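> This is target-v6.cif, which holds mmCIF, C-alpha atoms; chains and numbers go by the auth columns:
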```cif
data_coords
#
loop_
_atom_site.group_PDB
_atom_site.id
_atom_site.type_symbol
_atom_site.label_atom_id
_atom_site.label_comp_id
_atom_site.label_asym_id
_atom_site.label_seq_id
_atom_site.Cartn_x
_atom_site.Cartn_y
_atom_site.Cartn_z
_atom_site.B_iso_or_equiv
_atom_site.auth_seq_id
_atom_site.auth_asym_id
ATOM 1 C CA MET A 1 4.196 -17.769 -1.188 0.00 1206 F
ATOM 2 C CA LEU A 2 0.785 -17.408 0.391 0.00 1207 F
ATOM 3 C CA ILE A 3 -1.296 -14.246 0.780 0.00 1208 F
ATOM 4 C CA ARG A 4 -3.740 -14.674 3.661 0.00 1209 F
ATOM 5 C CA PRO A 5 -5.671 -12.593 6.187 0.00 1210 F
ATOM 6 C CA ALA A 6 -3.469 -11.377 9.030 0.00 1211 F
ATOM 7 C CA LEU A 7 -3.561 -13.158 12.376 0.00 1212 F
ATOM 8 C CA LEU A 8 -3.082 -11.338 15.672 0.00 1213 F
ATOM 9 C CA ALA A 9 0.427 -12.824 15.947 0.00 1214 F
ATOM 10 C CA ASP A 10 1.357 -11.262 12.587 0.00 1215 F
ATOM 11 C CA LEU A 11 0.761 -7.656 13.597 0.00 1216 F
ATOM 12 C CA SER A 12 3.935 -7.079 15.610 0.00 1217 F
ATOM 13 C CA VAL A 13 5.962 -8.560 12.742 0.00 1218 F
ATOM 14 C CA CYS A 14 4.177 -6.261 10.286 0.00 1219 F
ATOM 15 C CA LEU A 15 5.132 -3.220 12.343 0.00 1220 F
ATOM 16 C CA ALA A 16 8.788 -4.309 12.347 0.00 1221 F
ATOM 17 C CA LEU A 17 9.014 -4.430 8.529 0.00 1222 F
ATOM 18 C CA ASP A 18 11.082 -1.733 6.824 0.00 1223 F
ATOM 19 C CA ALA A 19 8.544 0.508 5.072 0.00 1224 F
ATOM 20 C CA ASN A 20 11.022 3.200 3.997 0.00 1225 F
ATOM 21 C CA SER A 21 12.358 3.397 0.467 0.00 1226 F
ATOM 22 C CA GLN A 22 14.895 5.276 -1.584 0.00 1227 F
ATOM 23 C CA THR A 23 14.792 6.971 -4.945 0.00 1228 F
ATOM 24 C CA ASN A 24 16.758 9.064 -7.375 0.00 1229 F
ATOM 25 C CA HIS A 25 13.605 10.529 -9.006 0.00 1230 F
ATOM 26 C CA VAL A 26 10.689 12.600 -7.682 0.00 1231 F
ATOM 27 C CA TRP A 27 7.566 14.157 -9.103 0.00 1232 F
ATOM 28 C CA GLN A 28 7.940 17.925 -8.859 0.00 1233 F
ATOM 29 C CA MET A 29 4.803 20.054 -8.668 0.00 1234 F
ATOM 30 C CA ASP A 30 4.555 23.322 -10.560 0.00 1235 F
ATOM 31 C CA ALA A 31 1.582 25.608 -9.753 0.00 1236 F
ATOM 32 C CA ARG A 32 1.064 29.000 -11.340 0.00 1237 F
ATOM 33 C CA GLU A 33 -1.673 31.537 -12.027 0.00 1238 F
ATOM 34 C CA GLU A 34 -2.497 31.766 -15.703 0.00 1239 F
ATOM 35 C CA ASN A 35 -5.384 33.407 -17.592 0.00 1240 F
ATOM 36 C CA GLY A 36 -7.494 33.862 -14.481 0.00 1241 F
ATOM 37 C CA GLY A 37 -7.011 30.274 -13.294 0.00 1242 F
ATOM 38 C CA THR A 38 -4.518 28.037 -11.597 0.00 1243 F
ATOM 39 C CA VAL A 39 -2.477 25.614 -13.668 0.00 1244 F
ATOM 40 C CA VAL A 40 -0.903 22.700 -11.824 0.00 1245 F
ATOM 41 C CA GLY A 41 1.490 20.265 -13.410 0.00 1246 F
ATOM 42 C CA PHE A 42 3.779 17.464 -12.309 0.00 1247 F
ATOM 43 C CA HIS A 43 6.907 16.265 -13.988 0.00 1248 F
ATOM 44 C CA THR A 44 9.617 13.758 -13.145 0.00 1249 F
ATOM 45 C CA VAL A 45 12.926 15.173 -11.952 0.00 1250 F
ATOM 46 C CA ARG A 46 16.124 13.165 -11.592 0.00 1251 F
ATOM 47 C CA LEU A 47 17.922 13.891 -8.317 0.00 1252 F
ATOM 48 C CA PRO A 48 21.711 14.333 -8.122 0.00 1253 F
ATOM 49 C CA ARG A 49 21.935 11.522 -5.539 0.00 1254 F
ATOM 50 C CA ILE A 50 19.780 8.821 -4.004 0.00 1255 F
ATOM 51 C CA MET A 51 17.334 10.147 -1.438 0.00 1256 F
ATOM 52 C CA ARG A 52 15.937 8.158 1.494 0.00 1257 F
ATOM 53 C CA VAL A 53 12.125 8.340 1.607 0.00 1258 F
ATOM 54 C CA VAL A 54 10.610 7.906 5.060 0.00 1259 F
ATOM 55 C CA TYR A 55 7.260 6.107 5.107 0.00 1260 F
ATOM 56 C CA PRO A 56 4.738 8.898 5.768 0.00 1261 F
ATOM 57 C CA ARG A 57 1.887 7.025 7.456 0.00 1262 F
ATOM 58 C CA GLN A 58 1.299 6.049 11.043 0.00 1263 F
ATOM 59 C CA ARG A 59 1.152 2.274 11.465 0.00 1264 F
ATOM 60 C CA GLU A 60 0.586 2.001 15.204 0.00 1265 F
ATOM 61 C CA ASP A 61 -3.193 1.687 14.763 0.00 1266 F
ATOM 62 C CA LEU A 62 -2.793 -1.641 12.951 0.00 1267 F
ATOM 63 C CA LEU A 63 -4.124 -3.607 15.947 0.00 1268 F
ATOM 64 C CA ALA A 64 -7.198 -1.369 16.269 0.00 1269 F
ATOM 65 C CA CYS A 65 -7.891 -1.742 12.538 0.00 1270 F
ATOM 66 C CA TRP A 66 -7.513 -5.526 12.760 0.00 1271 F
ATOM 67 C CA GLU A 67 -9.874 -5.650 15.759 0.00 1272 F
ATOM 68 C CA GLU A 68 -12.451 -3.607 13.794 0.00 1273 F
ATOM 69 C CA GLY A 69 -12.306 -6.134 10.948 0.00 1274 F
ATOM 70 C CA VAL A 70 -10.439 -3.933 8.463 0.00 1275 F
ATOM 71 C CA PRO A 71 -9.000 -6.257 5.784 0.00 1276 F
ATOM 72 C CA ILE A 72 -5.280 -6.770 6.378 0.00 1277 F
ATOM 73 C CA PHE A 73 -3.449 -9.332 4.273 0.00 1278 F
ATOM 74 C CA VAL A 74 0.051 -10.717 4.799 0.00 1279 F
ATOM 75 C CA ALA A 75 2.478 -12.341 2.379 0.00 1280 F
ATOM 76 C CA THR A 76 4.285 -15.323 3.885 0.00 1281 F
ATOM 77 C CA ASP A 77 6.445 -18.213 2.765 0.00 1282 F
ATOM 78 C CA GLU A 78 3.758 -20.641 3.959 0.00 1283 F
ATOM 79 C CA ARG A 79 2.127 -22.993 1.495 0.00 1284 F
ATOM 80 C CA ALA A 80 -1.647 -22.959 1.085 0.00 1285 F
ATOM 81 C CA ASP A 81 -1.905 -26.492 2.512 0.00 1286 F
ATOM 82 C CA GLU A 82 -0.094 -25.635 5.765 0.00 1287 F
ATOM 83 C CA ARG A 83 -2.149 -25.223 8.919 0.00 1288 F
ATOM 84 C CA PRO A 84 -0.514 -22.675 11.240 0.00 1289 F
ATOM 85 C CA ILE A 85 -2.676 -23.558 14.260 0.00 1290 F
ATOM 86 C CA ASP A 86 -2.162 -26.852 16.112 0.00 1291 F
ATOM 87 C CA GLU A 87 -5.653 -28.342 16.313 0.00 1292 F
ATOM 88 C CA GLY A 88 -4.905 -30.098 19.623 0.00 1293 F
ATOM 89 C CA THR A 89 -3.505 -27.156 21.572 0.00 1294 F
ATOM 90 C CA GLY A 90 -4.834 -24.229 19.555 0.00 1295 F
ATOM 91 C CA ARG A 91 -1.309 -22.750 19.519 0.00 1296 F
ATOM 92 C CA ASP A 92 0.256 -20.971 16.615 0.00 1297 F
ATOM 93 C CA THR A 93 2.916 -23.317 15.212 0.00 1298 F
ATOM 94 C CA ARG A 94 4.182 -21.027 12.459 0.00 1299 F
ATOM 95 C CA THR A 95 7.845 -20.554 11.874 0.00 1300 F
ATOM 96 C CA SER A 96 7.229 -18.812 8.599 0.00 1301 F
ATOM 97 C CA GLN A 97 8.761 -15.656 7.184 0.00 1302 F
ATOM 98 C CA LEU A 98 6.537 -12.611 6.724 0.00 1303 F
ATOM 99 C CA PHE A 99 7.444 -10.636 3.574 0.00 1304 F
ATOM 100 C CA GLY A 100 4.899 -7.824 3.657 0.00 1305 F
ATOM 101 C CA TYR A 101 1.360 -6.716 4.333 0.00 1306 F
ATOM 102 C CA CYS A 102 -1.384 -4.559 2.933 0.00 1307 F
ATOM 103 C CA GLN A 103 -4.408 -2.890 4.500 0.00 1308 F
ATOM 104 C CA LEU A 104 -7.566 -2.037 2.609 0.00 1309 F
ATOM 105 C CA ASP A 105 -9.868 0.591 4.124 0.00 1310 F
ATOM 106 C CA ILE A 106 -13.380 0.360 2.708 0.00 1311 F
ATOM 107 C CA GLN A 107 -15.505 3.400 1.849 0.00 1312 F
ATOM 108 C CA PRO A 108 -18.912 1.807 1.076 0.00 1313 F
ATOM 109 C CA TRP A 109 -20.535 5.092 0.071 0.00 1314 F
ATOM 110 C CA GLN A 110 -17.846 5.480 -2.631 0.00 1315 F
ATOM 111 C CA GLN A 111 -17.830 1.769 -3.521 0.00 1316 F
ATOM 112 C CA ALA A 112 -14.081 2.146 -3.113 0.00 1317 F
ATOM 113 C CA GLY A 113 -11.263 0.549 -1.207 0.00 1318 F
ATOM 114 C CA TRP A 114 -8.338 2.694 -0.123 0.00 1319 F
ATOM 115 C CA ILE A 115 -5.048 0.842 0.060 0.00 1320 F
ATOM 116 C CA SER A 116 -3.696 2.568 3.135 0.00 1321 F
ATOM 117 C CA HIS A 117 -0.616 0.342 3.478 0.00 1322 F
ATOM 118 C CA LEU A 118 1.159 -1.862 0.951 0.00 1323 F
ATOM 119 C CA ILE A 119 4.522 -2.676 2.445 0.00 1324 F
ATOM 120 C CA VAL A 120 7.117 -5.204 1.351 0.00 1325 F
ATOM 121 C CA ASP A 121 10.133 -5.611 3.621 0.00 1326 F
ATOM 122 C CA ARG A 122 13.274 -4.256 1.939 0.00 1327 F
ATOM 123 C CA PRO A 123 15.116 -7.591 1.350 0.00 1328 F
ATOM 124 C CA PHE A 124 12.095 -9.020 -0.498 0.00 1329 F
ATOM 125 C CA ARG A 125 11.233 -6.169 -2.851 0.00 1330 F
ATOM 126 C CA ARG A 126 11.076 -6.527 -6.648 0.00 1331 F
ATOM 127 C CA GLN A 127 10.081 -10.205 -6.414 0.00 1332 F
ATOM 128 C CA GLY A 128 6.357 -9.896 -7.198 0.00 1333 F
ATOM 129 C CA ILE A 129 5.165 -9.799 -3.592 0.00 1334 F
ATOM 130 C CA GLY A 130 3.568 -6.351 -3.865 0.00 1335 F
ATOM 131 C CA THR A 131 1.843 -7.424 -7.080 0.00 1336 F
ATOM 132 C CA ALA A 132 0.484 -10.561 -5.399 0.00 1337 F
ATOM 133 C CA MET A 133 -0.887 -8.517 -2.492 0.00 1338 F
ATOM 134 C CA LEU A 134 -2.451 -6.025 -4.925 0.00 1339 F
ATOM 135 C CA ARG A 135 -4.137 -8.899 -6.790 0.00 1340 F
ATOM 136 C CA THR A 136 -5.547 -10.116 -3.470 0.00 1341 F
ATOM 137 C CA CYS A 137 -6.962 -6.636 -2.784 0.00 1342 F
ATOM 138 C CA ILE A 138 -8.508 -6.552 -6.260 0.00 1343 F
ATOM 139 C CA ALA A 139 -10.095 -9.987 -5.862 0.00 1344 F
ATOM 140 C CA TRP A 140 -11.379 -9.141 -2.372 0.00 1345 F
ATOM 141 C CA GLY A 141 -12.741 -5.817 -3.636 0.00 1346 F
ATOM 142 C CA LYS A 142 -14.616 -7.486 -6.480 0.00 1347 F
ATOM 143 C CA VAL A 143 -16.251 -9.935 -4.064 0.00 1348 F
ATOM 144 C CA LYS A 144 -17.344 -6.969 -1.932 0.00 1349 F
ATOM 145 C CA LYS A 145 -18.743 -5.199 -5.042 0.00 1350 F
ATOM 146 C CA LEU A 146 -16.262 -2.318 -4.942 0.00 1351 F
ATOM 147 C CA THR A 147 -15.832 -0.411 -8.198 0.00 1352 F
ATOM 148 C CA ARG A 148 -12.323 0.913 -7.647 0.00 1353 F
ATOM 149 C CA LEU A 149 -9.212 0.903 -5.504 0.00 1354 F
ATOM 150 C CA MET A 150 -7.529 4.142 -4.485 0.00 1355 F
ATOM 151 C CA VAL A 151 -4.066 4.878 -3.170 0.00 1356 F
ATOM 152 C CA ALA A 152 -2.208 7.989 -1.994 0.00 1357 F
ATOM 153 C CA VAL A 153 1.519 8.137 -2.777 0.00 1358 F
ATOM 154 C CA GLN A 154 4.133 10.753 -1.860 0.00 1359 F
ATOM 155 C CA THR A 155 5.545 12.726 -4.785 0.00 1360 F
ATOM 156 C CA LYS A 156 8.997 11.566 -3.721 0.00 1361 F
ATOM 157 C CA ASN A 157 8.027 7.876 -3.576 0.00 1362 F
ATOM 158 C CA PHE A 158 8.972 7.235 -7.198 0.00 1363 F
ATOM 159 C CA PRO A 159 9.041 3.431 -6.721 0.00 1364 F
ATOM 160 C CA GLY A 160 5.449 3.640 -5.413 0.00 1365 F
ATOM 161 C CA ILE A 161 4.370 5.856 -8.313 0.00 1366 F
ATOM 162 C CA SER A 162 5.971 3.461 -10.800 0.00 1367 F
ATOM 163 C CA PHE A 163 4.255 0.491 -9.116 0.00 1368 F
ATOM 164 C CA CYS A 164 0.856 2.177 -9.405 0.00 1369 F
ATOM 165 C CA GLU A 165 1.327 3.092 -13.057 0.00 1370 F
ATOM 166 C CA LYS A 166 2.679 -0.366 -13.929 0.00 1371 F
ATOM 167 C CA HIS A 167 -0.493 -1.943 -12.513 0.00 1372 F
ATOM 168 C CA GLY A 168 -2.946 0.293 -14.344 0.00 1373 F
ATOM 169 C CA PHE A 169 -3.679 2.904 -11.687 0.00 1374 F
ATOM 170 C CA VAL A 170 -4.501 6.309 -13.150 0.00 1375 F
ATOM 171 C CA PHE A 171 -3.481 9.632 -11.605 0.00 1376 F
ATOM 172 C CA CYS A 172 -6.680 11.339 -10.435 0.00 1377 F
ATOM 173 C CA GLY A 173 -5.625 14.209 -8.169 0.00 1378 F
ATOM 174 C CA PHE A 174 -3.358 15.502 -5.448 0.00 1379 F
ATOM 175 C CA HIS A 175 -3.452 17.077 -2.006 0.00 1380 F
ATOM 176 C CA ASP A 176 -0.770 19.471 -0.806 0.00 1381 F
ATOM 177 C CA HIS A 177 0.452 18.765 2.771 0.00 1382 F
ATOM 178 C CA TYR A 178 -1.640 15.553 2.945 0.00 1383 F
ATOM 179 C CA PHE A 179 0.703 13.465 5.076 0.00 1384 F
ATOM 180 C CA VAL A 180 1.717 14.207 8.670 0.00 1385 F
ATOM 181 C CA ASN A 181 5.183 15.202 7.436 0.00 1386 F
ATOM 182 C CA ARG A 182 3.420 17.701 5.078 0.00 1387 F
ATOM 183 C CA ASP A 183 4.387 15.832 1.895 0.00 1388 F
ATOM 184 C CA ILE A 184 2.179 16.129 -1.175 0.00 1389 F
ATOM 185 C CA ALA A 185 -0.032 13.116 -1.918 0.00 1390 F
ATOM 186 C CA LEU A 186 -0.711 11.953 -5.444 0.00 1391 F
ATOM 187 C CA PHE A 187 -3.990 10.057 -5.723 0.00 1392 F
ATOM 188 C CA TYR A 188 -4.293 7.083 -8.042 0.00 1393 F
ATOM 189 C CA SER A 189 -7.397 5.090 -8.942 0.00 1394 F
ATOM 190 C CA LEU A 190 -7.824 1.608 -10.410 0.00 1395 F
ATOM 191 C CA ASN A 191 -11.167 0.558 -11.882 0.00 1396 F
ATOM 192 C CA ILE A 192 -11.967 -3.002 -10.709 0.00 1397 F
ATOM 193 C CA ARG A 193 -15.595 -3.104 -11.850 0.00 1398 F
ATOM 194 C CA THR A 194 -16.387 -6.435 -13.457 0.00 1399 F
#
```
Could you take the file, read its structure, and then write that structure out as structure tokens?

Amino acid sequence: MLIRPALLADLSVCLALDANSQTNHVWQMDAREENGGTVVGFHTVRLPRIMRVVYPRQREDLLACWEEGVPIFVATDERADERPIDEGTGRDTRTSQLFGYCQLDIQPWQQAGWISHLIVDRPFRRQGIGTAMLRTCIAWGKVKKLTRLMVAVQTKNFPGISFCEKHGFVFCGFHDHYFVNRDIALFYSLNIRT
């Protein structure tokens, strides 16, 4: 597997990947007034059946982000020594499989990178591809002198929450009705300062 910067030809494949997930657990929010303040808590709830979780972000602006130089990385079955461009014709000669992609939006004033997309196509999940893309984001962020990576995850995206926690991200806040579909976002932060 190779993680590399996305090429223009990759973008349409990225948009065709299945970004939805499913879960039988969610994080339920409990907010109440207590002693003159507001107390908010989250706890894991097991659902009676598996729920389909629709990916909450728009992905149609991927081309515009790529054109602006936003870091987008793809996971492919290419080897590092393969050259996808024919040097004689300049044509893309790839016949490789694309497993997933991630996009890292940089906030220089925060010294932070926001992972706005980290998508692994459904047939290739739970094989270390997401972890490899995360490691690429961490390495890229360190080179760019970022101090942390941030991610927003739906409360019902339990696989995403578990992925964040497994990789050392720490819960650092939430936003009610954050996504277009009005889902709650949980914010996670990972310190990458060297």
> For the PyMOL selection byres ((chain F and resi 1225-1242) around 10), applied here, can you spell out every residue it catches as an MDAnalysis selection string?
chainID F and resid 1222:1224 1243:1261 1324:1327 1359:1366 1379 1381 1389 1391
> So what do you get for CA of His1322 (chain F) versus CA of Glu1272 (chain F), distance-wise?
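So the two atoms, CA of His1322 (chain F) and CA of Glu1272 (chain F), lie 16.5 Å apart.
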> Mind checking which residues fall within 7 Å of Val1279 (chain F), counting all atoms listed in the file, ignoring those fewer than 4 positions away in the same chain, and posting them as an MDAnalysis selection string?
chainID F and resid 1208:1211 1305:1307
> Using all atoms listed in the file, which protein or nucleic acid residues come within 12 Å of Trp1319 (chain F)? Drop anything in the same chain fewer than 5 positions from it, and give the result as a ChimeraX atom specification.
/F:1275-1277,1307-1313,1339,1342-1343,1346,1351-1358,1392-1395
> Output C-alpha atoms of each residue in that selection to a file, as a PDB file, keeping the file's coordinate frame.

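Final output, saved to out35.pdb:
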```
ATOM      1  CA  VAL F1275     -10.439  -3.933   8.463  1.00  0.00           C
ATOM      2  CA  PRO F1276      -9.000  -6.257   5.784  1.00  0.00           C
ATOM      3  CA  ILE F1277      -5.280  -6.770   6.378  1.00  0.00           C
ATOM      4  CA  CYS F1307      -1.384  -4.559   2.933  1.00  0.00           C
ATOM      5  CA  GLN F1308      -4.408  -2.890   4.500  1.00  0.00           C
ATOM      6  CA  LEU F1309      -7.566  -2.037   2.609  1.00  0.00           C
ATOM      7  CA  ASP F1310      -9.868   0.591   4.124  1.00  0.00           C
ATOM      8  CA  ILE F1311     -13.380   0.360   2.708  1.00  0.00           C
ATOM      9  CA  GLN F1312     -15.505   3.400   1.849  1.00  0.00           C
ATOM     10  CA  PRO F1313     -18.912   1.807   1.076  1.00  0.00           C
ATOM     11  CA  LEU F1339      -2.451  -6.025  -4.925  1.00  0.00           C
ATOM     12  CA  CYS F1342      -6.962  -6.636  -2.784  1.00  0.00           C
ATOM     13  CA  ILE F1343      -8.508  -6.552  -6.260  1.00  0.00           C
ATOM     14  CA  GLY F1346     -12.741  -5.817  -3.636  1.00  0.00           C
ATOM     15  CA  LEU F1351     -16.262  -2.318  -4.942  1.00  0.00           C
ATOM     16  CA  THR F1352     -15.832  -0.411  -8.198  1.00  0.00           C
ATOM     17  CA  ARG F1353     -12.323   0.913  -7.647  1.00  0.00           C
ATOM     18  CA  LEU F1354      -9.212   0.903  -5.504  1.00  0.00           C
ATOM     19  CA  MET F1355      -7.529   4.142  -4.485  1.00  0.00           C
ATOM     20  CA  VAL F1356      -4.066   4.878  -3.170  1.00  0.00           C
ATOM     21  CA  ALA F1357      -2.208   7.989  -1.994  1.00  0.00           C
ATOM     22  CA  VAL F1358       1.519   8.137  -2.777  1.00  0.00           C
ATOM     23  CA  PHE F1392      -3.990  10.057  -5.723  1.00  0.00           C
ATOM     24  CA  TYR F1393      -4.293   7.083  -8.042  1.00  0.00           C
ATOM     25  CA  SER F1394      -7.397   5.090  -8.942  1.00  0.00           C
ATOM     26  CA  LEU F1395      -7.824   1.608 -10.410  1.00  0.00           C
TER      27      LEU F1395
END
```
> Tell me which of F:Trp1345, F:Phe1376, F:Phe1304, F:Phe1329 sits closest to Ala1317 (chain F), counting only C-alpha atoms.
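Residue with the minimum atom-to-atom distance to Ala1317 (chain F): F:Trp1345.
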> For Val1385 (chain F), which residue out of F:Arg1262, F:Gln1316, F:Cys1369, F:Ala1269 is the nearest one, using all atoms listed in the file?
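Of F:Arg1262, F:Gln1316, F:Cys1369, F:Ala1269, the one nearest Val1385 (chain F), counting all atoms listed in the file, is F:Arg1262.
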